[in-house]
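Reviewing the structure listed below.
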Amino acid sequence: MKFVHSADWQLGKPFGRFEPDARAALHEARFDAIDTLGRIAIENGAEHVLVAGDVFDTDGPDDRTIVQAVSRMSRHSCRWWLLPGNHDYARSGGLWDRVRSRLGPTINVLTEAEPVEMEDGIWLLPAPLTYRHNLEDPTVAFDAMETPGARLRIGLAHGSIRDFGSRGETKNQIAPDRATRSRLDYLALGDWHGALQVDARTWYSGTPETDRFQRDDPGHVLLVELAESSEPIVKPIRTGRFQWLMRSWTVNDHAAFEAERARLLETIDPPSTLLQLSLAGITSLGDRVAMLQSLEHDFIHRLRFLDIRSDDLVGRPSEDDLAGLAVEGILGVAAARLNEQASAGGTEAVLAKRALERLFVEYSRGEQP
């Protein structure tokens, strides 16, 4: 059989740090990913889509989020199998009862740790989370699940095979050899947001639409093909519209900065790119100002989002910079004193550097025709 393995949709994620236009685009892309998954399933002859937890971002999404999710899934002929994760855990009278009231015949909610026969002899073993953090391995129950006449046993769970530290959940620990212990032909996992192979029969699909600055890879799903007594054939397929990139540039003049900028633009689709950019180096005050102005007046408008971190880009006034500020009167006196304070170090040096840079910017503006 073939099926699509996905997880961590986190529908309804607010993206509160972004401006309204970026927030709306990121929000809608998560719903569009459902249609992408449905098309991938149909085009590849997969009749099932398994979602390994965190379908929703919280256990209390608004009605629109639920209706959009159900309606998007319902317009595709494949069958959908939804597992509660740590963000949308199962509880009586909660989210999943609201979802069930709107379900069509092709959508299945797996709130009980009971095996389900998906097709003749093909059993799905779910491990729904009933709390945000479980103290025990949620997949222990797989060992005792009876699957009469099973040709294939597929586990579906949400949790950590290992401690992912700050880049993933550290609770809901799953035994790394769970597939072997529970005689599984495949263990479909969610929680880690990147596609990751644990062993031949155990995979994380990652999220279909990336949602954080963590890795360069966009979102993926896994197309899985299973046969009795054979290892799974697993094919990652890109689904993500947006790419979240982290870059660190060490630049000591404006020319080096422009070279880095040009190289990046050659390799990305700017409107679909969110960039966290860290700048470091020692340069002239004039070059530092020029770099930041290029980012703030041009580059930021090309990208979907730009987060600039420039504290480690040090601008030291060159002779040309100081000559440009060597004017008579109070402005010249202020520039000279700020330069002395910046050069002296100490607690006042940082403020003096910022003030000198602002003075340079404002004076340069006044010199423009």
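The chains in the structure tokens are called A, B, ... from first to last as shown; in each chain the residues are counted from 1, and the ligands are counted from 1 in the order shown.
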
| request: Among the residues of stretch 174-351 of chain A, find those DSSP assigns to alpha helix (DSSP H) from the backbone and print them as a VMD selection string. | output: chain A and resid 178 to 181 254 to 267 285 to 294 300 to 302 319 to 325 330 to 344 349 to 351

If you count only C-alpha atoms, which residues fall within 7 Å of stretch 173-182 of chain A, apart from same-chain ones fewer than 5 positions away, as a compact mmCIF listing (two decimals) with all heavy atoms, in the first residue's frame?
# COMPACT_ATOMS: atom_id res chain seq x y z
N ASP A 137 5.92 6.55 27.95
CA ASP A 137 6.01 6.38 26.51
C ASP A 137 4.60 6.14 25.97
O ASP A 137 3.96 5.14 26.31
CB ASP A 137 6.92 5.19 26.21
CG ASP A 137 7.11 4.95 24.71
OD1 ASP A 137 6.31 5.44 23.91
OD2 ASP A 137 8.05 4.22 24.37
N PRO A 138 4.08 7.04 25.11
CA PRO A 138 2.70 6.87 24.63
C PRO A 138 2.53 5.67 23.70
O PRO A 138 1.39 5.28 23.41
CB PRO A 138 2.42 8.19 23.89
CG PRO A 138 3.77 8.70 23.51
CD PRO A 138 4.70 8.27 24.60
N THR A 139 3.64 5.08 23.26
CA THR A 139 3.54 3.96 22.32
C THR A 139 3.67 2.59 22.99
O THR A 139 3.65 1.56 22.31
CB THR A 139 4.62 4.07 21.22
OG1 THR A 139 5.93 3.95 21.82
CG2 THR A 139 4.52 5.40 20.50
N PHE A 142 1.29 -0.23 22.04
CA PHE A 142 1.41 -0.95 20.77
C PHE A 142 1.76 -2.42 20.98
O PHE A 142 1.31 -3.28 20.23
CB PHE A 142 2.48 -0.30 19.88
CG PHE A 142 2.14 1.05 19.33
CD1 PHE A 142 3.10 1.80 18.66
CD2 PHE A 142 0.87 1.59 19.47
CE1 PHE A 142 2.81 3.05 18.13
CE2 PHE A 142 0.57 2.84 18.96
CZ PHE A 142 1.53 3.57 18.29
N ASP A 143 2.57 -2.70 22.00
CA ASP A 143 3.05 -4.07 22.21
C ASP A 143 1.90 -5.05 22.39
O ASP A 143 1.97 -6.21 21.95
CB ASP A 143 3.96 -4.13 23.45
CG ASP A 143 5.27 -3.38 23.25
OD1 ASP A 143 5.50 -2.88 22.13
OD2 ASP A 143 6.05 -3.30 24.22
N GLY A 159 5.79 12.42 19.56
CA GLY A 159 6.69 12.51 20.70
C GLY A 159 8.13 12.47 20.26
O GLY A 159 8.43 12.56 19.06
N SER A 160 9.03 12.32 21.23
CA SER A 160 10.46 12.43 20.97
C SER A 160 11.15 11.09 21.10
O SER A 160 11.11 10.45 22.15
CB SER A 160 11.10 13.42 21.94
OG SER A 160 10.49 14.70 21.83
N ILE A 161 11.81 10.67 20.02
CA ILE A 161 12.67 9.50 20.08
C ILE A 161 13.90 9.82 20.93
O ILE A 161 14.44 9.00 21.64
CB ILE A 161 13.11 9.08 18.66
CG1 ILE A 161 11.93 8.44 17.93
CG2 ILE A 161 14.30 8.14 18.69
CD1 ILE A 161 11.56 7.07 18.44
N ARG A 162 14.36 11.07 20.84
CA ARG A 162 15.49 11.54 21.64
C ARG A 162 15.19 12.96 22.08
O ARG A 162 14.22 13.57 21.64
CB ARG A 162 16.79 11.50 20.82
CG ARG A 162 16.76 12.33 19.54
CD ARG A 162 18.05 12.20 18.77
NE ARG A 162 18.02 12.87 17.49
CZ ARG A 162 18.23 14.16 17.29
NH1 ARG A 162 18.49 14.94 18.32
NH2 ARG A 162 18.21 14.69 16.09
N LEU A 187 6.61 3.14 11.55
CA LEU A 187 6.20 4.02 12.65
C LEU A 187 6.25 5.46 12.16
O LEU A 187 7.32 6.00 11.88
CB LEU A 187 7.12 3.83 13.85
CG LEU A 187 6.86 4.74 15.06
CD1 LEU A 187 5.42 4.66 15.53
CD2 LEU A 187 7.82 4.39 16.22
N ARG A 201 12.45 1.80 9.53
CA ARG A 201 11.00 1.73 9.66
C ARG A 201 10.40 2.86 10.49
O ARG A 201 9.21 2.84 10.78
CB ARG A 201 10.59 0.38 10.25
CG ARG A 201 11.01 -0.82 9.40
CD ARG A 201 10.52 -2.14 9.98
NE ARG A 201 11.00 -3.27 9.20
CZ ARG A 201 10.42 -3.73 8.09
NH1 ARG A 201 9.31 -3.16 7.67
NH2 ARG A 201 10.92 -4.76 7.44
N THR A 202 11.22 3.83 10.86
CA THR A 202 10.76 4.90 11.75
C THR A 202 11.17 6.25 11.18
O THR A 202 12.36 6.51 10.98
CB THR A 202 11.36 4.73 13.15
OG1 THR A 202 11.06 3.42 13.65
CG2 THR A 202 10.80 5.78 14.10

| said: Taking 2 positions as the minimum chain separation for residues in the same chain, which residues sit within 10 Å of A:His133 when counting only C-alpha atoms? Answer as a list in words. | reply: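 Once the nearby chain positions are removed, what remains is Gly85, Asn86, His87, Tyr89, Leu129, Thr130, Tyr131, Leu135, Glu136, Gly159, Glu169, Thr170, Lys171, Asn172 and Gln173 of chain A.
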
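The spacing separating atom CA of A:Leu156 from atom CA of A:Gly219 amounts to 19.6 Å.
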
| field | Atomic separation - atom CA of A:Val55 relative to atom CA of A:Ala7, Å | value | 6.9 Å

| message | Please compute the atom CA of A:Arg302-atom CA of A:Pro271 distance, one decimal, in Å. | response | 6.3 Å

| request: Could you give me, as a ChimeraX atom specification, each residue of stretch 108-151 of chain A that DSSP assigns to strand (DSSP E or B) when run on this structure's backbone? | output: /A:108-109,116-119,122-127

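Shortest atom-to-atom contact with A:Leu222 among A:Leu275, A:Leu103, A:Leu50, A:Ala25: A:Leu50, counting only C-alpha atoms.
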
| query | Neighbours of A:Ala22 within 9 Å (only C-alpha atoms; same-chain residues fewer than 6 positions away dropped), as an MDAnalysis selection string? | reply | chainID A and resid 15 304:305

Output file for the residues above (N, CA, C and O atoms, as a compact mmCIF listing (two decimals), in the first residue's frame):
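That gives us out06.txt:
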# COMPACT_ATOMS: atom_id res chain seq x y z
N PHE A 15 1.35 33.63 14.64
CA PHE A 15 2.46 34.39 14.06
C PHE A 15 2.41 35.85 14.51
O PHE A 15 2.51 36.79 13.72
N ARG A 304 9.70 38.44 2.17
CA ARG A 304 8.46 38.36 2.94
C ARG A 304 8.67 38.93 4.34
O ARG A 304 7.80 39.58 4.91
N PHE A 305 9.88 38.69 4.91
CA PHE A 305 10.18 39.19 6.24
C PHE A 305 11.69 39.23 6.41
O PHE A 305 12.40 38.34 5.93

| task | Write out as a list in words which residues come within 8 Å of stretch 203-208 of chain A when counting only C-alpha atoms, dropping same-chain ones fewer than 4 positions away. | result |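 Selected residues are His5, Ser6, Ala7, Asp8, Trp9, Arg30, Ala33, Leu187, Ala188, Leu189, Gly190, Asp191, Trp192, His193, Gly194, Ala195, Leu196, Gln197, Val198, Asp199, Pro218, Gly219, His220, Val221, Leu222, Pro236, Arg238, Thr239 and Gly240 of chain A.
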
For the residues in that selection, give me C-alpha atoms as an mmCIF file, in the first residue's frame.
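Printed below is out10.cif as written:
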data_model
loop_
_atom_site.group_PDB
_atom_site.id
_atom_site.type_symbol
_atom_site.label_atom_id
_atom_site.label_comp_id
_atom_site.auth_asym_id
_atom_site.auth_seq_id
_atom_site.Cartn_x
_atom_site.Cartn_y
_atom_site.Cartn_z
ATOM 1 C CA HIS A 5 2.786 10.657 6.225
ATOM 2 C CA SER A 6 2.462 14.190 7.604
ATOM 3 C CA ALA A 7 2.403 15.942 10.986
ATOM 4 C CA ASP A 8 2.602 19.261 12.817
ATOM 5 C CA TRP A 9 0.215 21.316 10.711
ATOM 6 C CA ARG A 30 -0.959 26.262 6.407
ATOM 7 C CA ALA A 33 -0.805 22.788 2.556
ATOM 8 C CA LEU A 187 6.203 4.018 12.648
ATOM 9 C CA ALA A 188 4.936 7.452 11.552
ATOM 10 C CA LEU A 189 6.009 10.144 13.997
ATOM 11 C CA GLY A 190 5.277 13.802 14.585
ATOM 12 C CA ASP A 191 6.842 16.480 16.842
ATOM 13 C CA TRP A 192 10.185 17.176 15.127
ATOM 14 C CA HIS A 193 9.499 19.790 12.446
ATOM 15 C CA GLY A 194 11.982 18.519 9.867
ATOM 16 C CA ALA A 195 11.933 15.283 7.879
ATOM 17 C CA LEU A 196 14.103 12.822 9.814
ATOM 18 C CA GLN A 197 14.811 9.114 9.458
ATOM 19 C CA VAL A 198 15.329 7.347 12.802
ATOM 20 C CA ASP A 199 15.787 3.872 11.322
ATOM 21 C CA PRO A 218 11.148 24.087 3.491
ATOM 22 C CA GLY A 219 8.234 21.886 4.548
ATOM 23 C CA HIS A 220 7.940 18.268 3.383
ATOM 24 C CA VAL A 221 5.666 15.244 3.545
ATOM 25 C CA LEU A 222 6.659 11.611 3.111
ATOM 26 C CA PRO A 236 10.248 13.074 0.885
ATOM 27 C CA ARG A 238 8.463 19.289 -0.811
ATOM 28 C CA THR A 239 5.221 20.989 0.137
ATOM 29 C CA GLY A 240 6.329 24.251 1.768
#

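Between A:Arg354 and the residues A:Val289, A:Leu226, A:Ala127, A:Leu306, the shortest atom-to-atom distance, using only C-alpha atoms, involves A:Val289.
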
| A:Asp269: which residues within 12 Å, counting only C-alpha atoms, same-chain residues fewer than 4 positions away excluded, as a ChimeraX atom specification? | /A:241-245,264-265,273-275,302-304
